[in-house]
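S.K.: Dumping the structure here so I can ask a few things about it.
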Amino acid sequence: MNTETVLLLETVNFAAEKHRNQRRKDPEKTPYINHPIGVARILSHEAGITDVVVLQAALLHDTLEDTDTKTHELETEFGQVVTRVVQEVTDDKSLSKQERKRLQVEHAPHCSHQAKLVKLADKLYNLRDLNRCTPDGWDAERVQQYFVWASDVVKGLKGTNSALEKKLEELFRQRGVQL
């Protein structure tokens, strides 16, 4: 096996361990790990991304935010570059949900190219998931509000990857949301 394959397998294993007891908010309570794997797959399969750092960051993108993982742990396991990209896409959970969402819109244009790719794929995955099924406790209005907010984030990521942006534009168009 080549080094990059080994790195990706180690990253998948780390993320799976960290997210092992978590579930998505959909009615089926899908295992959470499906999400970061799906984000990495969107990048590799649909956007043609082969940059191992981006794929690792996609697999790890929710570990700092949603698990007990610490920054130093990621740095030790995966290095400074991967950790930096993960930090760029991590919300500060000590802030209110409204403030976190505002900051995502504000910070999106200033992220590194690698972090922008992860953000685009993450938004694409989440929007497709919302179209597939409504999370427990969400009504149609909340889903639509998520689409509107996501479009504001995506506006700040324009020019990052045309393949992902076209797929997102189509989802927004179907919802009547301007990009």
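Identifiers in this document derive from the order of the structure tokens: chains are assigned A, B, ..., residues are numbered from 1 separately in each chain, and ligands are numbered from 1 in order of occurrence.
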Compile the contact shell of segment 11-14 of chain A as a PyMOL selection string: residues with an atom at most 10 Å away, counting only C-alpha atoms, same-chain residues fewer than 5 positions apart removed.
M.R.: chain A and resi 5-6+19-20+33+36-37+40+55-60+63+74+77-78
S.K.: Which residues, written as a ChimeraX atom specification, have at least one atom at most 12 Å from segment 82-86 of chain A, with only C-alpha atoms counted and residues fewer than 6 positions away on the same chain left out?
M.R.: /A:7-8,11,36,51-65,69-76,111-119
S.K.: Keeping only N, CA and C atoms, write those residues as a short mmCIF file (atom, residue, chain, number, x, y, z; two decimals), in the first residue's frame.
M.R.:
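File result_39.cif, as written:
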```
data_model
loop_
_atom_site.label_atom_id
_atom_site.label_comp_id
_atom_site.auth_asym_id
_atom_site.auth_seq_id
_atom_site.Cartn_x
_atom_site.Cartn_y
_atom_site.Cartn_z
N LEU A 7 -2.28 6.69 5.08
CA LEU A 7 -2.69 7.91 5.79
C LEU A 7 -4.21 8.05 5.82
N LEU A 8 -4.84 7.81 4.68
CA LEU A 8 -6.30 7.94 4.62
C LEU A 8 -6.99 6.89 5.48
N THR A 11 -6.71 7.91 9.02
CA THR A 11 -7.61 9.04 9.27
C THR A 11 -9.05 8.57 9.42
N PRO A 36 -18.71 12.47 7.58
CA PRO A 36 -17.36 12.85 7.13
C PRO A 36 -16.85 11.98 5.97
N ASP A 51 -5.78 15.75 -3.28
CA ASP A 51 -4.93 16.29 -2.22
C ASP A 51 -5.27 15.57 -0.91
N VAL A 52 -4.32 14.77 -0.42
CA VAL A 52 -4.56 13.96 0.76
C VAL A 52 -4.88 14.83 1.98
N VAL A 53 -4.27 15.99 2.09
CA VAL A 53 -4.55 16.90 3.21
C VAL A 53 -6.02 17.29 3.21
N VAL A 54 -6.56 17.63 2.05
CA VAL A 54 -7.97 18.02 1.95
C VAL A 54 -8.87 16.84 2.32
N LEU A 55 -8.54 15.65 1.82
CA LEU A 55 -9.34 14.46 2.12
C LEU A 55 -9.27 14.11 3.60
N GLN A 56 -8.08 14.22 4.20
CA GLN A 56 -7.96 13.98 5.64
C GLN A 56 -8.78 15.01 6.42
N ALA A 57 -8.67 16.28 6.05
CA ALA A 57 -9.41 17.33 6.74
C ALA A 57 -10.92 17.09 6.62
N ALA A 58 -11.37 16.61 5.46
CA ALA A 58 -12.79 16.29 5.29
C ALA A 58 -13.22 15.20 6.26
N LEU A 59 -12.39 14.17 6.37
CA LEU A 59 -12.71 13.06 7.29
C LEU A 59 -12.71 13.51 8.74
N LEU A 60 -11.90 14.50 9.06
CA LEU A 60 -11.74 14.96 10.45
C LEU A 60 -12.50 16.25 10.76
N HIS A 61 -13.23 16.79 9.78
CA HIS A 61 -13.73 18.16 9.91
C HIS A 61 -14.64 18.41 11.10
N ASP A 62 -15.27 17.39 11.65
CA ASP A 62 -16.14 17.61 12.81
C ASP A 62 -15.56 17.08 14.12
N THR A 63 -14.33 16.60 14.10
CA THR A 63 -13.78 16.00 15.32
C THR A 63 -13.53 17.03 16.41
N LEU A 64 -12.99 18.19 16.07
CA LEU A 64 -12.75 19.21 17.11
C LEU A 64 -14.06 19.78 17.63
N GLU A 65 -15.02 19.93 16.74
CA GLU A 65 -16.29 20.57 17.08
C GLU A 65 -17.24 19.64 17.83
N THR A 69 -11.97 15.40 20.89
CA THR A 69 -10.65 15.56 20.28
C THR A 69 -10.09 16.95 20.57
N LYS A 70 -8.83 17.00 20.92
CA LYS A 70 -8.13 18.26 21.19
C LYS A 70 -7.20 18.58 20.01
N THR A 71 -6.91 19.85 19.83
CA THR A 71 -6.05 20.30 18.74
C THR A 71 -4.70 19.59 18.76
N HIS A 72 -4.09 19.49 19.94
CA HIS A 72 -2.76 18.86 20.03
C HIS A 72 -2.81 17.39 19.61
N GLU A 73 -3.95 16.74 19.85
CA GLU A 73 -4.11 15.35 19.46
C GLU A 73 -4.11 15.21 17.93
N LEU A 74 -4.86 16.10 17.27
CA LEU A 74 -4.87 16.09 15.80
C LEU A 74 -3.48 16.39 15.25
N GLU A 75 -2.81 17.37 15.85
CA GLU A 75 -1.47 17.75 15.39
C GLU A 75 -0.49 16.58 15.52
N THR A 76 -0.55 15.89 16.63
CA THR A 76 0.33 14.74 16.86
C THR A 76 0.06 13.64 15.85
N CYS A 111 -10.97 31.81 4.16
CA CYS A 111 -10.38 30.50 4.43
C CYS A 111 -9.36 30.15 3.36
N SER A 112 -8.50 29.21 3.68
CA SER A 112 -7.56 28.68 2.69
C SER A 112 -8.35 27.93 1.62
N HIS A 113 -7.73 27.71 0.47
CA HIS A 113 -8.38 26.97 -0.61
C HIS A 113 -8.78 25.57 -0.12
N GLN A 114 -7.92 24.94 0.66
CA GLN A 114 -8.20 23.60 1.17
C GLN A 114 -9.44 23.60 2.07
N ALA A 115 -9.53 24.57 2.96
CA ALA A 115 -10.69 24.67 3.85
C ALA A 115 -11.96 24.99 3.07
N LYS A 116 -11.86 25.82 2.05
CA LYS A 116 -13.02 26.15 1.22
C LYS A 116 -13.57 24.90 0.53
N LEU A 117 -12.68 24.03 0.06
CA LEU A 117 -13.12 22.78 -0.56
C LEU A 117 -13.91 21.93 0.44
N VAL A 118 -13.39 21.81 1.65
CA VAL A 118 -14.08 21.03 2.68
C VAL A 118 -15.44 21.65 2.99
N LYS A 119 -15.48 22.97 3.12
CA LYS A 119 -16.74 23.66 3.41
C LYS A 119 -17.78 23.42 2.31
#
```
S.K.: Kindly indicate which residue among A:Ser96, A:Asp68, A:Arg175, A:Lys155 lies nearest to Val143 of chain A, using only C-alpha atoms for the distances.
M.R.: A:Arg175
S.K.: Per residue of segment 14-91 of chain A within 12 Å of segment 167-173 of chain A, note the shortest atom pair and the distance in Å to one decimal, counting only C-alpha atoms, and order the rows by chain and increasing residue number, as a Markdown table.
M.R.:
```
| residue | atom | partner | partner_atom | distance |
| --- | --- | --- | --- | --- |
| A:Ile42 | CA | A:Lys167 | CA | 10.8 |
| A:Glu46 | CA | A:Lys167 | CA | 9.5 |
| A:Ala47 | CA | A:Lys167 | CA | 10.2 |
```
S.K.: Those same residues - N, CA and C atoms - I'd like them written as a tab-separated table (two decimals), in the first residue's frame.
M.R.:
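Wrote it out as selection_10.tsv, contents follow:
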```tsv
chain	number	residue	atom	x	y	z
A	42	ILE	N	-17.41	13.06	-1.73
A	42	ILE	CA	-17.81	14.14	-2.63
A	42	ILE	C	-16.57	14.81	-3.22
A	46	GLU	N	-16.62	13.47	-6.86
A	46	GLU	CA	-17.38	14.45	-7.64
A	46	GLU	C	-16.57	15.69	-8.03
A	47	ALA	N	-15.54	15.99	-7.26
A	47	ALA	CA	-14.73	17.18	-7.54
A	47	ALA	C	-13.33	16.83	-8.02
```
S.K.: Using DSSP on the backbone coordinates, identify all residues within segment 79-143 of chain A classified as helix (DSSP H, G or I); present the result as a PyMOL selection string.
M.R.: chain A and resi 79-88+97-110+113-132+140-143
S.K.: Report as an MDAnalysis selection string all protein, DNA and RNA residues lying within 9 Å of segment 132-139 of chain A, evaluated on only C-alpha atoms, omitting residues in the same chain fewer than 4 positions from it.
M.R.: chainID A and resid 24:27 127:128 143:144
S.K.: When distances are computed from only C-alpha atoms, which of A:Asn131, A:Gln22, A:Thr90, A:Gln178 shows the smallest separation from Asp152 of chain A?
M.R.: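 Smallest separation from Asp152 of chain A among the options: A:Gln178.
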S.K.: What is the distance, in Å and to one decimal place, between atom CA of Leu120 of chain A and atom CA of Asp92 of chain A?
M.R.: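 Value for the atom CA of Leu120 of chain A-atom CA of Asp92 of chain A distance: 19.0 Å.
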S.K.: Could you jot down the atom CA of Tyr146 of chain A to atom CA of Val177 of chain A separation for me, Å, one decimal place?
M.R.: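 Distance reported for this atom pair: 10.5 Å.
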S.K.: Could you jot down the atom CA of Val153 of chain A to atom CA of Asp129 of chain A separation for me, Å, one decimal place?
M.R.: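 Pair atom CA of Val153 of chain A / atom CA of Asp129 of chain A returns 17.3 Å.
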